[in-house]
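Below: the structure, in C-alpha cells.
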Amino acid sequence: MTKCWLLALLGGTLHVQAGYRPFTYTYDTYPMGQGNFEVEQWVTLKHHTGADSGYTRWDFREELEYGATDKLRLALYLPSWQVEDSRDRHGARFDQVGLEAIYLLSNPITDPIGAGLYGEVNLGERGEVEGEIKLLLHKEIGDWTLAYNLLAETEVQNVGRSGEHEKEGVLGHSLGISCSLGAAWRVGGETVVETVIEDWRRYDHTTVYAGPVVSYQGANLGQSQATWWVTLTPTFQLTSLEEEPDYVTRLIVGVSF
C-alpha cells in the first residue's frame with residue numbers, strides 16, 4: 001500500500017509538471033503551476049442519430065491555458081468550428097469563442113481530496129451566450145484516479161438582437177475513473193449525464209453517455225522542457241433519444257511549456 005501511495009505522489013508530481021489530463025469530459029484538480037503555459041487541440045466527432053443515420057459532425061476547438069498563480073488557471077478558447085454533414089446542414093461554420101477560469105481549493109496529492117471551482121463564458125456569432133459553472137472533485141487512491149464534476153449551464157439565444165431571447169438550462173454530471181499502467185499509459189472510463197431544462201422551468205430530456213478512456217503522457221519534445229500528452233474517450237448513448245448522436249468521441253492533444 002505504501003508503494004501505491006508513493007507511485008501516486010510521483011504521478012501527481014509528473015502531472016503538475018506536464019499539465020496532463022487523464023479525462024476528456026471530466027476535469028481534474030492537478031495544479032498547473034504559476035507561469036506554465038499549455039496549448040490544447042480538441043476534436044469531437046458526433047455520429048449517427050435515430051432520426052438521421054448519416055449524421056456526422058466534427059467540432060474543432062483550440063485552448064490556450066496559463067497558470068496565473070499556483071491555484072488559478074485561465075484559458076482562452078480560440079474561434080471554434082463545426083463541420084457537419086446531415087439532412088439539415090452541410091459544410092463548415094464558426095461556432096464560438098470563450099474564456100475559462102479554474103480556481104483550485106485543495107490539492108488531490110497533498111490533501112485528502114482535491115476540489116476546485118470552474119467557470120466558462122462562450123459567445124457565438126448568432127447572439128448565443130453560454131455561461132457554465134462546475135464543482136470539481138478529485139481523489140487519488142494508489143494507482144487509481146477518480147474525478148467527479150457537477151455542472152450547471154445556461155444558454156441564451158439572440159442576445160443583442162431583435163426577437164425572443166430563448167433560454168435553456170442544463171444540469172450535468174461527469175465521472176471519470178482511470179488506472180495507471182506505468183509512467184505513460186492510463187486506462188479507465190467516463191460517464192456523462194446531462195438534463196436539459198427549457199427556460200429553467202420545463203424538463204425536456206436527459207442524455208447519458210459512457211465509454212472507455214485511454215491516455216498517454218509523452219516525453220519531452222526534443223531538447224526543450226515542453227511535454228505532450230493525448231487522451232481519447234469514445235462514448236455511446238445509453239439513453240434512446242433519436243435527436244441526439246448515438247456515438248460521441250473526443251480526442252484532446254496537449255503540449256505544455
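Naming works like this for the C-alpha cells: A, B, ... for the chains as they're shown, residue 1 at the start of each chain, ligands 1 onward in shown order.
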Show me, as CSV, the residues of segment 138-184 of chain A having an atom within 10 Å of segment 193-210 of chain A, each with the closest atom pair and its distance in Å, using only C-alpha atoms.
residue,atom,partner,partner_atom,distance
A:Leu150,CA,A:Val193,CA,9.9
A:Leu151,CA,A:Glu194,CA,8.7
A:Ala152,CA,A:Glu194,CA,9.5
A:Glu153,CA,A:Val196,CA,9.4
A:Thr154,CA,A:Trp200,CA,8.4
A:Glu155,CA,A:Asp199,CA,9.2
A:Val156,CA,A:Asp199,CA,9.1
A:His165,CA,A:Asp199,CA,9.8
A:Glu166,CA,A:Asp199,CA,7.2
A:Lys167,CA,A:Asp199,CA,4.7
A:Glu168,CA,A:Glu198,CA,4.7
A:Gly169,CA,A:Ile197,CA,4.9
A:Val170,CA,A:Val196,CA,4.6
A:Leu171,CA,A:Thr195,CA,5.2
A:Gly172,CA,A:Glu194,CA,4.2
A:His173,CA,A:Val193,CA,5.1
A:Ser174,CA,A:Val193,CA,6.3
A:Leu175,CA,A:Val193,CA,9.0
A:Gly176,CA,A:Ala210,CA,9.8
Inset, instruction - With a distance cut-off of 7 Å and only C-alpha atoms, select the neighbouring residues of Thr29 of chain A, excluding the residue or stretch itself and same-chain residues fewer than 3 positions from it, and output the selection as a PyMOL selection string. - result: chain A and resi 104+107-108+114-116+138
I need the chosen residues saved as a tab-separated table (two decimals), in the first residue's frame, with N, CA and C atoms.
chain	number	residue	atom	x	y	z
A	104	LEU	N	-8.39	26.39	-7.80
A	104	LEU	CA	-8.19	25.17	-7.04
A	104	LEU	C	-8.30	25.45	-5.54
A	107	ASN	N	-5.53	20.31	-3.06
A	107	ASN	CA	-4.66	19.52	-3.93
A	107	ASN	C	-4.96	18.03	-3.76
A	108	PRO	N	-5.18	17.29	-4.86
A	108	PRO	CA	-5.51	15.87	-4.74
A	108	PRO	C	-4.33	15.01	-4.27
A	114	GLY	N	-8.98	16.54	-3.72
A	114	GLY	CA	-8.81	17.76	-4.49
A	114	GLY	C	-10.16	18.36	-4.82
A	115	ALA	N	-10.26	19.69	-4.80
A	115	ALA	CA	-11.51	20.37	-5.11
A	115	ALA	C	-11.20	21.65	-5.85
A	116	GLY	N	-12.12	22.06	-6.71
A	116	GLY	CA	-11.93	23.29	-7.47
A	116	GLY	C	-13.25	23.84	-7.98
A	138	HIS	N	-11.81	15.49	-6.91
A	138	HIS	CA	-10.76	14.66	-7.48
A	138	HIS	C	-10.05	13.92	-6.34
Taking a cut-off of 10 Å and counting only C-alpha atoms, can you build a table that, for each residue of segment 17-49 of chain A near segment 230-245 of chain A, reports the nearest atom pair and how far apart they are in Å (one decimal), sorted by chain then residue number, as CSV?
residue,atom,partner,partner_atom,distance
A:Tyr20,CA,A:Val230,CA,8.4
A:Arg21,CA,A:Thr231,CA,7.1
A:Pro22,CA,A:Thr231,CA,6.5
A:Phe23,CA,A:Thr231,CA,6.5
A:Thr24,CA,A:Thr233,CA,6.5
A:Tyr25,CA,A:Thr233,CA,8.2
A:Glu40,CA,A:Val230,CA,9.5
A:Gln41,CA,A:Val230,CA,9.6
A:Trp42,CA,A:Thr231,CA,9.9
A:Val43,CA,A:Leu232,CA,9.7
A:Thr44,CA,A:Pro234,CA,9.5
A:Leu45,CA,A:Pro234,CA,9.0
A:Lys46,CA,A:Pro245,CA,5.8
A:His47,CA,A:Pro245,CA,5.6
A:His48,CA,A:Pro245,CA,5.5
A:Thr49,CA,A:Pro245,CA,4.6
Can those selected residues be exported to a file as a compact mmCIF listing (two decimals), in the first residue's frame so that it contains N, CA and C atoms?
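For reference, out_20.txt as written:
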# COMPACT_ATOMS: atom_id res chain seq x y z
N TYR A 20 -0.96 17.43 -17.61
CA TYR A 20 -1.59 16.26 -18.22
C TYR A 20 -3.04 16.09 -17.77
N ARG A 21 -3.93 15.65 -18.69
CA ARG A 21 -5.33 15.41 -18.36
C ARG A 21 -5.67 13.95 -18.58
N PRO A 22 -6.11 13.21 -17.55
CA PRO A 22 -6.46 11.81 -17.72
C PRO A 22 -7.83 11.58 -18.33
N PHE A 23 -8.68 12.65 -18.43
CA PHE A 23 -10.03 12.53 -18.97
C PHE A 23 -10.27 13.65 -19.98
N THR A 24 -11.28 13.45 -20.84
CA THR A 24 -11.62 14.48 -21.81
C THR A 24 -12.89 15.24 -21.45
N TYR A 25 -13.78 14.66 -20.67
CA TYR A 25 -15.02 15.32 -20.27
C TYR A 25 -14.98 15.76 -18.81
N GLU A 40 -3.95 23.24 -26.12
CA GLU A 40 -4.73 22.02 -26.29
C GLU A 40 -5.54 22.09 -27.59
N GLN A 41 -5.54 21.00 -28.32
CA GLN A 41 -6.38 20.85 -29.51
C GLN A 41 -7.45 19.81 -29.21
N TRP A 42 -8.71 20.23 -29.30
CA TRP A 42 -9.84 19.32 -29.10
C TRP A 42 -10.44 18.95 -30.45
N VAL A 43 -10.78 17.67 -30.60
CA VAL A 43 -11.54 17.21 -31.76
C VAL A 43 -12.64 16.29 -31.24
N THR A 44 -13.89 16.64 -31.54
CA THR A 44 -15.04 15.84 -31.09
C THR A 44 -15.85 15.41 -32.31
N LEU A 45 -16.08 14.11 -32.42
CA LEU A 45 -16.87 13.54 -33.50
C LEU A 45 -18.21 13.06 -32.96
N LYS A 46 -19.30 13.57 -33.56
CA LYS A 46 -20.65 13.12 -33.21
C LYS A 46 -21.23 12.43 -34.44
N HIS A 47 -21.72 11.20 -34.24
CA HIS A 47 -22.11 10.40 -35.41
C HIS A 47 -23.38 9.61 -35.15
N HIS A 48 -24.24 9.57 -36.18
CA HIS A 48 -25.43 8.70 -36.24
C HIS A 48 -26.47 9.07 -35.18
N THR A 49 -27.65 9.42 -35.63
CA THR A 49 -28.79 9.61 -34.73
C THR A 49 -29.91 8.69 -35.19
So which residues touch Asp95 of chain A within 12 Å, counting only C-alpha atoms, skipping near sequence neighbours fewer than 6 positions away, as a PDB file with C-alpha atoms, in the first residue's frame?
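Written file, selection18.pdb:
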ATOM      1  CA  TRP A  58     -16.808  17.355 -36.317  1.00  0.00           C
ATOM      2  CA  ASP A  59     -16.158  20.012 -33.650  1.00  0.00           C
ATOM      3  CA  PHE A  60     -12.713  21.646 -33.508  1.00  0.00           C
ATOM      4  CA  ARG A  61     -11.592  23.699 -30.522  1.00  0.00           C
ATOM      5  CA  TYR A  77     -10.822  29.365 -26.401  1.00  0.00           C
ATOM      6  CA  LEU A  78      -9.926  30.471 -29.917  1.00  0.00           C
ATOM      7  CA  PRO A  79     -12.728  30.576 -32.522  1.00  0.00           C
ATOM      8  CA  SER A  80     -14.090  27.029 -32.738  1.00  0.00           C
ATOM      9  CA  TRP A  81     -15.578  25.411 -35.818  1.00  0.00           C
ATOM     10  CA  GLN A  82     -18.082  22.748 -36.785  1.00  0.00           C
ATOM     11  CA  VAL A  83     -18.091  20.659 -39.945  1.00  0.00           C
ATOM     12  CA  GLU A  84     -21.435  18.913 -40.382  1.00  0.00           C
ATOM     13  CA  ASN A 122     -18.786  31.495 -24.587  1.00  0.00           C
ATOM     14  CA  LEU A 123     -20.069  33.848 -27.302  1.00  0.00           C
ATOM     15  CA  GLY A 124     -21.488  32.715 -30.655  1.00  0.00           C
ATOM     16  CA  GLU A 125     -21.902  34.665 -33.882  1.00  0.00           C
ATOM     17  CA  ARG A 126     -25.709  34.478 -33.877  1.00  0.00           C
ATOM     18  CA  GLY A 127     -26.132  36.108 -30.485  1.00  0.00           C
ATOM     19  CA  GLU A 128     -25.643  32.980 -28.368  1.00  0.00           C
ATOM     20  CA  VAL A 129     -24.219  33.463 -24.880  1.00  0.00           C
ATOM     21  CA  GLU A 130     -23.350  30.447 -22.747  1.00  0.00           C
TER      22      GLU A 130
END
Legend entry - Shell around Gly119 of chain A at 7 Å using only C-alpha atoms, local window under 4 positions removed, as a ChimeraX atom specification: /A:100-102,132-134
Inset, instruction - Can you list, as number ranges by chain, all residues belonging to segment 30-230 of chain A that DSSP tags as strand (DSSP E or B)? - result: A: 37-47, 56-67, 72-77, 81-85, 90-94, 96-106, 114-124, 129-141, 144-156, 167-180, 185-198, 202-220, 227-230
